[in-house]
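Okay, structure first, notes after.
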Amino acid sequence: MGLCSRCGTEMGGAKFCPECGLPQSLQGGAASTAEPGAFVPLTIGKKGKKPRKGKASSAPASSTVKPATVSPPAPSVPPARSVAASAASVAPAAKRSSSTGKTVLVVALCIVCGLAIACAALMVSAYLNGSPSPVASTANVESGMANESTQGFSSTTTAKAAQTKLATAEEKESLQAVIAEAAALAETDYTIESYTALAEAIESARTTSSDEAALSRDVKAAAKRVESAKASLKEKVKPIELTGTGSSVMDLPAEMTSCLVVASYPGEGKFLVSTLGADGAVVDTLVDASGPYAGTTANGKAAGAPKRLSIVADGPWTVTLQSMADAPYAANGRQMFGDAVVRINPDRAAFLNFTNAGAGSFVVYGIKGASANLLVNEIGPYAGSAPNAGYRMLAVKSNGAWSVSW
């Protein structure tokens with residue numbers, strides 16, 4: 001039957017070897033004698049040379065000749081040897097891919113290990129040098145930021161709680177002590193402007209002290225305001241007495257640009273007292289009477305800067321300049337007479353009620369601090385009211401009996 005000269009498979013009369021597919025026409029003479037499974041190469045001539053006709057090649061079977069490359073028809077089932085050859089060709093590629101992956105993995109592990117070693121070296125160095133490690137520093141910074149945030153929140157909460165805290169009994173007692181000390185000061189020792197500011201601060205503090213819902217911050221603010229007003233008090237100037245006969249013009253002391261003018265004239269003729277500006281023009285007429293006169297008026301209630309005092313008289317006269325703080329208090333509804341400057345304290349009165357029984361002019365100014373507002377300007381008997389804007393003093397001009405009530 002014969003064996004295949006290439007793979008030694010039993011041919012069985014087939015035209016092609018069932019194992020390697022070699023055609024029967026290419027089978028060598030040694031096929032019948034080869035052992036099964038032994039590979040016997042074909043003996044063909046050298047490249048470029050044809051063998052002589054009638055003579056077989058004398059080259060031994062083991063000579064280095066290339067086997068013929070003939071493409072056999074594709075069998076229905078690929079030979080086992082072809083499958084093995086394909087697997088053998090794929091294996092090196094898979095091996096190369098696996099080798100590349102292992103190389104990348106090894107490199108990555110080396111990098112990670114290097115970084116870990118570097119970090120460990122830094123931490124050891126920092127520890128030996130006494131400085132905190134980077135990890136500890138980061139943790140400390142984060143901890144510090146958290147602490148600052150917590151402290152800021154705590155401070156804000158504490159501040160808000162302090163703003164809404166009710167005043168304690170001790171705080172109110174302290175405020176009342178401040179009020180009592182300020183109220184004990186003699187009003188007549190200070191200028192009207194400075195003592196008016198103190199009186200307002202005292203009254204406001206009393207209201208705060210009596211308020212059961214007063215907050216701690218309000219009580220402290222009230223005490224601070226009283227102390228500040230007390231420190232700003234200005235002592236009143238000593239009275240200045242001026243005397244003369246007949247008409248006269250004299251300089252007005254600078255400290256008396258706002259003051260009481262207490263005048264007396266026993267004569268029978270004209271008696272006129274006025275303030276003049278730097279240009280000699282009349283700023284305000286304080287007294288305009290005929291015959292004997294005794295009364296008090298206020299300098300400074302009119303707009304302008306008085307510089308001189310002018311007196312027109314036929315006989316002797318006396319004018320005393322006094323501090324506004326020397327003005328007496330007016331009793332509620334009590335009848336008074338003639339020109340006068342009085343102090344009032346109707347803080348809760350919305351209106352001031354006036355009456356006048358004189359036949360001449362009835363003029364009333366409301367004074368608060370350094371400002372003065374005209375409230376009444378009538379002639380003859382009068383009964384009426386004027387709004388109260390927190391006035392502390394009244395300057396009244398009348399030639400008869402008058403009163404104020406609230």
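Naming works like this for the structure tokens: A, B, ... for the chains as they're shown, residue 1 at the start of each chain, ligands 1 onward in shown order.
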
Enumerate, in order of chain and increasing residue number, the residues of segment 243-350 of chain A with an atom no farther than 6 Å from segment 382-398 of chain A, each with its shortest atom pair and distance in Å to one decimal, counting only C-alpha atoms, as a Markdown table.
```
| residue | atom | partner | partner_atom | distance |
| --- | --- | --- | --- | --- |
| A:Gly338 | CA | A:Ser398 | CA | 4.9 |
| A:Asp339 | CA | A:Lys397 | CA | 4.5 |
| A:Ala340 | CA | A:Val396 | CA | 5.4 |
| A:Val341 | CA | A:Ala395 | CA | 4.4 |
| A:Val342 | CA | A:Leu394 | CA | 5.4 |
| A:Arg343 | CA | A:Met393 | CA | 4.3 |
| A:Ile344 | CA | A:Arg392 | CA | 5.3 |
| A:Ala350 | CA | A:Asn388 | CA | 5.4 |
```

Counting only C-alpha atoms, what is within 10 Å of segment 356-361 of chain A, bar same-chain residues fewer than 3 positions away, as a ChimeraX atom specification? /A:335-338,364,376-384,397-404

Excluding Gly13 of chain A and residues on its chain fewer than 2 positions from it, collect all residues at most 12 Å away from it, counting only C-alpha atoms, and give them as a list in words. Met1, Gly2, Leu3, Cys4, Thr9, Glu10, Met11, Lys15, Phe16, Cys17, Pro18, Pro23, Gln24 and Ser25 of chain A

Export of the given selection (C-alpha atoms) as a CSV table (one decimal), in the first residue's frame:
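Output below, filename out_19.csv:
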```csv
chain,number,residue,atom,x,y,z
A,1,MET,CA,0.0,0.0,0.0
A,2,GLY,CA,3.0,2.4,0.8
A,3,LEU,CA,3.9,4.9,3.4
A,4,CYS,CA,4.1,8.7,3.0
A,9,THR,CA,1.4,7.8,7.3
A,10,GLU,CA,-0.2,4.8,5.6
A,11,MET,CA,-1.3,6.0,2.1
A,15,LYS,CA,-3.8,10.3,-4.0
A,16,PHE,CA,-2.9,12.6,-1.1
A,17,CYS,CA,-1.4,11.8,2.2
A,18,PRO,CA,-4.3,11.9,4.7
A,23,PRO,CA,0.4,14.2,-3.4
A,24,GLN,CA,1.2,10.6,-4.3
A,25,SER,CA,3.1,11.9,-7.4
```

For Glu227 of chain A, which residue among A:Glu181, A:Glu255, A:Asp284, A:Glu171 is the nearest when counting only C-alpha atoms?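 Under the stated criterion, the closest residue is A:Glu181.
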
Here is a test: counting only C-alpha atoms, which residue of A:Thr320, A:Ser210, A:Thr191, A:Thr196 is nearest to Ala167 of chain A?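 Going through A:Thr320, A:Ser210, A:Thr191, A:Thr196 one by one, the smallest distance to Ala167 of chain A is for A:Ser210.
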
Please report as a Markdown table every residue of segment 152-229 of chain A lying within 12 Å of segment 238-254 of chain A, along with the nearest atom pair and their distance in Å (one decimal), using only C-alpha atoms.
```
| residue | atom | partner | partner_atom | distance |
| --- | --- | --- | --- | --- |
| A:Thr188 | CA | A:Lys238 | CA | 10.8 |
| A:Asp189 | CA | A:Lys238 | CA | 9.5 |
| A:Tyr190 | CA | A:Lys238 | CA | 10.3 |
| A:Thr191 | CA | A:Lys238 | CA | 10.7 |
```

Which one of A:Pro346, A:Pro306, A:Gly269, A:Gly369 sits closest to Glu193 of chain A if you count only C-alpha atoms? A:Gly369

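Nearest to Ala180 of chain A of all the residues A:Ala197, A:Ala278, A:Ala223, A:Ala214 is A:Ala223, counting only C-alpha atoms.
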
Using only C-alpha atoms, the shortest atom-to-atom distance to Thr168 of chain A among A:Ala201, A:Asp211, A:Ala294, A:Ser258 belongs to A:Asp211

For the atom pair atom CA of Pro316 of chain A and atom CA of Phe271 of chain A, what is the interatomic distance in Å to one decimal place?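 We find that atom CA of Pro316 of chain A and atom CA of Phe271 of chain A lie 10.2 Å from each other.
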
Mind listing the strand (DSSP E or B) residues of segment 350-390 of chain A, per DSSP on the backbone, as a compact mmCIF listing (two decimals) with N, CA and C atoms, in the first residue's frame?
```
# COMPACT_ATOMS: atom_id res chain seq x y z
N PHE A 351 -48.08 119.88 74.86
CA PHE A 351 -48.34 121.30 74.64
C PHE A 351 -48.04 122.10 75.90
N LEU A 352 -47.70 123.37 75.71
CA LEU A 352 -47.53 124.33 76.80
C LEU A 352 -48.67 125.33 76.71
N ASN A 353 -49.35 125.56 77.83
CA ASN A 353 -50.53 126.44 77.85
C ASN A 353 -50.16 127.77 78.52
N PHE A 354 -50.48 128.90 77.85
CA PHE A 354 -50.10 130.23 78.34
C PHE A 354 -51.34 131.10 78.57
N THR A 355 -51.21 131.97 79.57
CA THR A 355 -52.20 133.03 79.78
C THR A 355 -51.45 134.33 80.02
N ASN A 356 -52.05 135.45 79.61
CA ASN A 356 -51.44 136.77 79.81
C ASN A 356 -52.55 137.78 80.11
N SER A 361 -47.37 143.97 74.74
CA SER A 361 -46.94 142.80 73.97
C SER A 361 -46.75 141.59 74.88
N PHE A 362 -47.10 140.42 74.33
CA PHE A 362 -46.86 139.16 75.04
C PHE A 362 -46.08 138.26 74.08
N VAL A 363 -44.79 138.09 74.41
CA VAL A 363 -43.88 137.34 73.53
C VAL A 363 -43.24 136.23 74.36
N VAL A 364 -43.24 135.00 73.80
CA VAL A 364 -42.65 133.84 74.49
C VAL A 364 -41.70 133.12 73.52
N TYR A 365 -40.48 132.87 73.99
CA TYR A 365 -39.49 132.06 73.26
C TYR A 365 -39.27 130.74 74.02
N GLY A 366 -39.23 129.65 73.27
CA GLY A 366 -38.84 128.36 73.86
C GLY A 366 -37.36 128.12 73.59
N ILE A 367 -36.61 127.85 74.64
CA ILE A 367 -35.15 127.69 74.51
C ILE A 367 -34.76 126.25 74.83
N LYS A 368 -33.96 125.68 73.94
CA LYS A 368 -33.42 124.33 74.13
C LYS A 368 -31.97 124.35 73.70
N SER A 371 -30.43 126.92 70.98
CA SER A 371 -31.44 127.36 70.01
C SER A 371 -32.67 127.92 70.72
N ALA A 372 -33.36 128.84 70.04
CA ALA A 372 -34.58 129.46 70.58
C ALA A 372 -35.61 129.58 69.47
N ASN A 373 -36.86 129.23 69.80
CA ASN A 373 -37.95 129.30 68.84
C ASN A 373 -39.07 130.18 69.38
N LEU A 374 -39.62 131.01 68.51
CA LEU A 374 -40.73 131.89 68.90
C LEU A 374 -42.01 131.08 69.01
N LEU A 375 -42.64 131.08 70.21
CA LEU A 375 -43.86 130.31 70.46
C LEU A 375 -45.11 131.18 70.43
N VAL A 376 -45.03 132.40 71.02
CA VAL A 376 -46.19 133.29 71.09
C VAL A 376 -45.72 134.71 70.80
N ASN A 377 -46.53 135.46 70.02
CA ASN A 377 -46.27 136.89 69.74
C ASN A 377 -47.62 137.58 69.57
N GLU A 378 -48.17 138.04 70.72
CA GLU A 378 -49.50 138.64 70.74
C GLU A 378 -49.46 139.98 71.50
N ILE A 379 -50.54 140.72 71.37
CA ILE A 379 -50.68 141.98 72.11
C ILE A 379 -51.97 141.92 72.92
N TYR A 382 -54.19 137.22 76.60
CA TYR A 382 -54.00 136.05 75.72
C TYR A 382 -54.20 134.77 76.51
N ALA A 383 -54.79 133.73 75.85
CA ALA A 383 -54.88 132.37 76.40
C ALA A 383 -54.77 131.41 75.21
N GLY A 384 -53.75 130.61 75.24
CA GLY A 384 -53.53 129.68 74.12
C GLY A 384 -52.44 128.68 74.44
N SER A 385 -52.16 127.84 73.44
CA SER A 385 -51.17 126.75 73.62
C SER A 385 -50.17 126.76 72.47
N ALA A 386 -49.03 126.17 72.75
CA ALA A 386 -47.98 126.03 71.74
C ALA A 386 -47.36 124.63 71.89
N PRO A 387 -46.96 123.99 70.77
CA PRO A 387 -46.36 122.66 70.85
C PRO A 387 -45.06 122.68 71.67
```

Among segment 186-277 of chain A, which residues does DSSP mark as alpha helix (DSSP H) when it is run on the backbone? Keep the chain and numbering as in the structure and answer as a CSV table (one decimal) with all heavy atoms, in the first residue's frame.
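Below is the file that was written, result_36.csv:
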```csv
chain,number,residue,atom,x,y,z
A,192,ILE,N,-26.1,126.5,80.9
A,192,ILE,CA,-27.3,125.9,80.6
A,192,ILE,C,-27.2,124.8,79.5
A,192,ILE,O,-27.9,123.8,79.5
A,192,ILE,CB,-28.4,127.0,80.2
A,192,ILE,CG1,-29.7,126.3,79.9
A,192,ILE,CG2,-27.9,127.7,79.0
A,192,ILE,CD1,-30.3,125.6,81.1
A,193,GLU,N,-26.3,125.1,78.5
A,193,GLU,CA,-26.2,124.1,77.4
A,193,GLU,C,-25.6,122.8,77.9
A,193,GLU,O,-26.1,121.7,77.6
A,193,GLU,CB,-25.3,124.7,76.3
A,193,GLU,CG,-25.8,125.9,75.6
A,193,GLU,CD,-25.6,127.2,76.3
A,193,GLU,OE1,-24.9,127.1,77.4
A,193,GLU,OE2,-26.0,128.2,75.8
A,194,SER,N,-24.6,122.9,78.8
A,194,SER,CA,-23.9,121.6,79.2
A,194,SER,C,-24.8,120.9,80.2
A,194,SER,O,-24.9,119.6,80.2
A,194,SER,CB,-22.5,121.9,79.8
A,194,SER,OG,-22.7,122.7,81.0
A,195,TYR,N,-25.5,121.6,81.1
A,195,TYR,CA,-26.3,120.9,82.1
A,195,TYR,C,-27.6,120.4,81.4
A,195,TYR,O,-28.1,119.4,81.9
A,195,TYR,CB,-26.7,121.9,83.2
A,195,TYR,CG,-27.3,121.1,84.4
A,195,TYR,CD1,-26.4,120.5,85.3
A,195,TYR,CD2,-28.6,120.8,84.6
A,195,TYR,CE1,-26.9,119.8,86.4
A,195,TYR,CE2,-29.1,120.1,85.6
A,195,TYR,CZ,-28.2,119.5,86.5
A,195,TYR,OH,-28.7,118.8,87.6
A,196,THR,N,-28.1,121.0,80.4
A,196,THR,CA,-29.2,120.5,79.6
A,196,THR,C,-28.9,119.1,79.1
A,196,THR,O,-29.7,118.2,79.1
A,196,THR,CB,-29.7,121.4,78.5
A,196,THR,OG1,-30.1,122.7,79.1
A,196,THR,CG2,-30.8,120.8,77.7
A,197,ALA,N,-27.7,118.9,78.5
A,197,ALA,CA,-27.3,117.6,78.0
A,197,ALA,C,-27.2,116.6,79.1
A,197,ALA,O,-27.6,115.4,78.9
A,197,ALA,CB,-26.0,117.8,77.3
A,198,LEU,N,-26.7,117.0,80.2
A,198,LEU,CA,-26.7,116.1,81.4
A,198,LEU,C,-28.1,115.7,81.9
A,198,LEU,O,-28.3,114.5,82.2
A,198,LEU,CB,-25.9,116.7,82.5
A,198,LEU,CG,-25.8,115.9,83.8
A,198,LEU,CD1,-25.1,114.6,83.5
A,198,LEU,CD2,-25.1,116.6,84.9
A,199,ALA,N,-29.0,116.7,82.0
A,199,ALA,CA,-30.3,116.4,82.4
A,199,ALA,C,-31.0,115.4,81.5
A,199,ALA,O,-31.8,114.5,81.9
A,199,ALA,CB,-31.1,117.7,82.5
A,200,GLU,N,-30.8,115.6,80.2
A,200,GLU,CA,-31.5,114.6,79.2
A,200,GLU,C,-30.9,113.2,79.4
A,200,GLU,O,-31.6,112.2,79.3
A,200,GLU,CB,-31.2,115.2,77.8
A,200,GLU,CG,-32.0,116.4,77.5
A,200,GLU,CD,-31.7,117.0,76.1
A,200,GLU,OE1,-30.7,116.5,75.5
A,200,GLU,OE2,-32.4,117.9,75.7
A,201,ALA,N,-29.6,113.1,79.6
A,201,ALA,CA,-29.0,111.8,79.8
A,201,ALA,C,-29.5,111.2,81.1
A,201,ALA,O,-29.7,109.9,81.1
A,201,ALA,CB,-27.4,112.0,79.8
A,202,ILE,N,-29.6,112.0,82.1
A,202,ILE,CA,-30.1,111.4,83.4
A,202,ILE,C,-31.6,110.9,83.2
A,202,ILE,O,-31.9,109.8,83.7
A,202,ILE,CB,-30.1,112.5,84.5
A,202,ILE,CG1,-28.6,112.8,84.8
A,202,ILE,CG2,-30.9,112.0,85.7
A,202,ILE,CD1,-28.5,113.9,85.8
A,203,GLU,N,-32.4,111.7,82.5
A,203,GLU,CA,-33.8,111.3,82.4
A,203,GLU,C,-33.9,110.0,81.5
A,203,GLU,O,-34.7,109.1,81.8
A,203,GLU,CB,-34.6,112.4,81.7
A,203,GLU,CG,-36.1,112.2,81.6
A,203,GLU,CD,-36.7,112.1,83.0
A,203,GLU,OE1,-36.2,112.6,83.9
A,203,GLU,OE2,-37.8,111.4,83.1
A,204,SER,N,-33.1,109.9,80.5
A,204,SER,CA,-33.1,108.7,79.6
A,204,SER,C,-32.6,107.5,80.4
A,204,SER,O,-33.1,106.4,80.3
A,204,SER,CB,-32.2,108.9,78.4
A,204,SER,OG,-32.1,107.7,77.6
A,205,ALA,N,-31.6,107.7,81.3
A,205,ALA,CA,-31.1,106.6,82.1
A,205,ALA,C,-32.1,106.1,83.1
A,205,ALA,O,-32.2,104.9,83.4
A,205,ALA,CB,-29.8,107.1,82.8
A,206,ARG,N,-32.9,107.0,83.7
A,206,ARG,CA,-33.9,106.6,84.6
A,206,ARG,C,-35.0,105.8,84.0
A,206,ARG,O,-35.5,104.8,84.5
A,206,ARG,CB,-34.6,107.9,85.2
A,206,ARG,CG,-33.7,108.6,86.3
A,206,ARG,CD,-34.3,109.9,86.7
A,206,ARG,NE,-33.5,110.5,87.8
A,206,ARG,CZ,-33.6,111.7,88.2
A,206,ARG,NH1,-34.4,112.6,87.6
A,206,ARG,NH2,-32.8,112.2,89.2
A,207,THR,N,-35.3,106.1,82.7
A,207,THR,CA,-36.3,105.3,82.0
A,207,THR,C,-35.8,103.9,81.7
A,207,THR,O,-36.5,102.9,81.9
A,207,THR,CB,-36.6,106.0,80.6
A,207,THR,OG1,-37.1,107.3,80.9
A,207,THR,CG2,-37.6,105.2,79.8
A,208,THR,N,-34.5,103.8,81.4
A,208,THR,CA,-33.9,102.5,81.1
A,208,THR,C,-33.8,101.7,82.4
A,208,THR,O,-34.1,100.5,82.4
A,208,THR,CB,-32.5,102.7,80.5
A,208,THR,OG1,-32.5,103.4,79.3
A,208,THR,CG2,-31.8,101.3,80.3
A,209,SER,N,-33.5,102.4,83.5
A,209,SER,CA,-33.3,101.7,84.8
A,209,SER,C,-34.7,101.1,85.3
A,209,SER,O,-34.7,100.0,85.9
A,209,SER,CB,-32.8,102.6,85.8
A,209,SER,OG,-32.7,102.0,87.1
A,210,SER,N,-35.8,101.8,85.0
A,210,SER,CA,-37.1,101.3,85.4
A,210,SER,C,-37.7,100.3,84.5
A,210,SER,O,-38.8,99.8,84.8
A,210,SER,CB,-38.0,102.5,85.6
A,210,SER,OG,-38.2,103.2,84.4
A,216,SER,N,-28.9,94.2,78.9
A,216,SER,CA,-27.6,94.6,79.6
A,216,SER,C,-26.9,95.7,78.8
A,216,SER,O,-26.3,96.6,79.4
A,216,SER,CB,-26.7,93.3,79.7
A,216,SER,OG,-25.5,93.6,80.2
A,217,ARG,N,-26.9,95.6,77.5
A,217,ARG,CA,-26.1,96.5,76.7
A,217,ARG,C,-26.8,97.9,76.8
A,217,ARG,O,-26.1,98.9,76.7
A,217,ARG,CB,-26.1,96.1,75.2
A,217,ARG,CG,-27.5,96.0,74.6
A,217,ARG,CD,-27.5,95.6,73.1
A,217,ARG,NE,-28.8,95.6,72.6
A,217,ARG,CZ,-29.1,95.3,71.3
A,217,ARG,NH1,-28.1,95.1,70.5
A,217,ARG,NH2,-30.3,95.3,70.8
A,218,ASP,N,-28.1,98.0,76.9
A,218,ASP,CA,-28.8,99.3,77.0
A,218,ASP,C,-28.5,99.9,78.4
A,218,ASP,O,-28.3,101.2,78.4
A,218,ASP,CB,-30.3,99.1,76.9
A,218,ASP,CG,-30.7,98.5,75.5
A,218,ASP,OD1,-30.0,98.8,74.6
A,218,ASP,OD2,-31.7,97.9,75.4
A,219,VAL,N,-28.4,99.2,79.4
A,219,VAL,CA,-28.1,99.7,80.7
A,219,VAL,C,-26.6,100.3,80.7
A,219,VAL,O,-26.4,101.3,81.2
A,219,VAL,CB,-28.2,98.6,81.8
A,219,VAL,CG1,-27.7,99.1,83.2
A,219,VAL,CG2,-29.7,98.2,82.0
A,220,LYS,N,-25.7,99.5,80.1
A,220,LYS,CA,-24.3,100.0,80.1
A,220,LYS,C,-24.2,101.2,79.2
A,220,LYS,O,-23.5,102.2,79.5
A,220,LYS,CB,-23.5,98.9,79.5
A,220,LYS,CG,-23.3,97.6,80.4
A,220,LYS,CD,-22.5,96.6,79.8
A,220,LYS,CE,-22.3,95.4,80.7
A,220,LYS,NZ,-21.5,94.3,80.1
A,221,ALA,N,-25.0,101.3,78.1
A,221,ALA,CA,-24.9,102.5,77.2
A,221,ALA,C,-25.5,103.7,78.0
A,221,ALA,O,-25.0,104.8,77.8
A,221,ALA,CB,-25.7,102.2,76.0
A,222,ALA,N,-26.6,103.5,78.7
A,222,ALA,CA,-27.1,104.6,79.5
A,222,ALA,C,-26.2,105.2,80.5
A,222,ALA,O,-26.0,106.4,80.7
A,222,ALA,CB,-28.4,104.2,80.2
A,223,ALA,N,-25.5,104.3,81.2
A,223,ALA,CA,-24.5,104.7,82.2
A,223,ALA,C,-23.3,105.5,81.5
A,223,ALA,O,-22.9,106.5,82.0
A,223,ALA,CB,-24.0,103.5,83.0
A,224,LYS,N,-22.9,105.0,80.4
A,224,LYS,CA,-21.8,105.6,79.7
A,224,LYS,C,-22.2,107.0,79.2
A,224,LYS,O,-21.4,108.0,79.2
A,224,LYS,CB,-21.4,104.8,78.5
A,224,LYS,CG,-20.2,105.3,77.7
A,224,LYS,CD,-19.8,104.3,76.6
A,224,LYS,CE,-18.6,104.8,75.9
A,224,LYS,NZ,-18.2,103.9,74.8
A,225,ARG,N,-23.5,107.2,78.8
A,225,ARG,CA,-23.9,108.5,78.3
A,225,ARG,C,-24.0,109.5,79.4
A,225,ARG,O,-23.6,110.6,79.2
A,225,ARG,CB,-25.3,108.3,77.7
A,225,ARG,CG,-25.9,109.6,77.1
A,225,ARG,CD,-27.3,109.5,76.6
A,225,ARG,NE,-27.9,110.7,76.1
A,225,ARG,CZ,-29.1,110.9,75.8
A,225,ARG,NH1,-30.0,109.9,75.9
A,225,ARG,NH2,-29.5,112.1,75.3
A,226,VAL,N,-24.4,109.1,80.6
A,226,VAL,CA,-24.5,110.0,81.7
A,226,VAL,C,-23.1,110.4,82.1
A,226,VAL,O,-22.8,111.6,82.4
A,226,VAL,CB,-25.2,109.3,82.9
A,226,VAL,CG1,-25.1,110.2,84.2
A,226,VAL,CG2,-26.7,109.1,82.6
A,227,GLU,N,-22.2,109.5,82.2
A,227,GLU,CA,-20.8,109.8,82.5
A,227,GLU,C,-20.2,110.7,81.5
A,227,GLU,O,-19.4,111.7,81.9
A,227,GLU,CB,-19.9,108.5,82.6
A,227,GLU,CG,-20.3,107.6,83.7
A,227,GLU,CD,-19.9,108.1,85.1
A,227,GLU,OE1,-19.3,109.2,85.1
A,227,GLU,OE2,-20.1,107.4,86.1
A,228,SER,N,-20.5,110.5,80.2
A,228,SER,CA,-19.9,111.4,79.2
A,228,SER,C,-20.5,112.8,79.3
A,228,SER,O,-19.8,113.8,79.2
A,228,SER,CB,-20.3,110.8,77.8
A,228,SER,OG,-19.8,111.7,76.8
A,229,ALA,N,-21.8,112.9,79.6
A,229,ALA,CA,-22.4,114.3,79.7
A,229,ALA,C,-21.9,115.0,81.0
A,229,ALA,O,-21.7,116.2,81.0
A,229,ALA,CB,-23.9,114.1,79.8
A,230,LYS,N,-21.6,114.2,82.0
A,230,LYS,CA,-21.1,114.8,83.3
A,230,LYS,C,-19.7,115.3,83.0
A,230,LYS,O,-19.3,116.4,83.5
A,230,LYS,CB,-21.1,113.8,84.4
A,230,LYS,CG,-20.7,114.3,85.7
A,230,LYS,CD,-20.9,113.3,86.8
A,230,LYS,CE,-19.9,112.2,86.7
A,230,LYS,NZ,-19.9,111.3,87.9
A,231,ALA,N,-18.9,114.6,82.2
A,231,ALA,CA,-17.5,115.0,81.9
A,231,ALA,C,-17.5,116.2,81.0
A,231,ALA,O,-16.5,117.0,81.0
A,231,ALA,CB,-16.8,113.9,81.3
```

Would you mind reading off the distance between atom CA of Val261 of chain A and atom CA of Thr297 of chain A, one decimal, in Å?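 It comes out at 5.2 Å.
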
Rounded to one decimal in Å, what is the spacing between atom CA of Val107 of chain A and atom CA of Ala120 of chain A? 19.9 Å
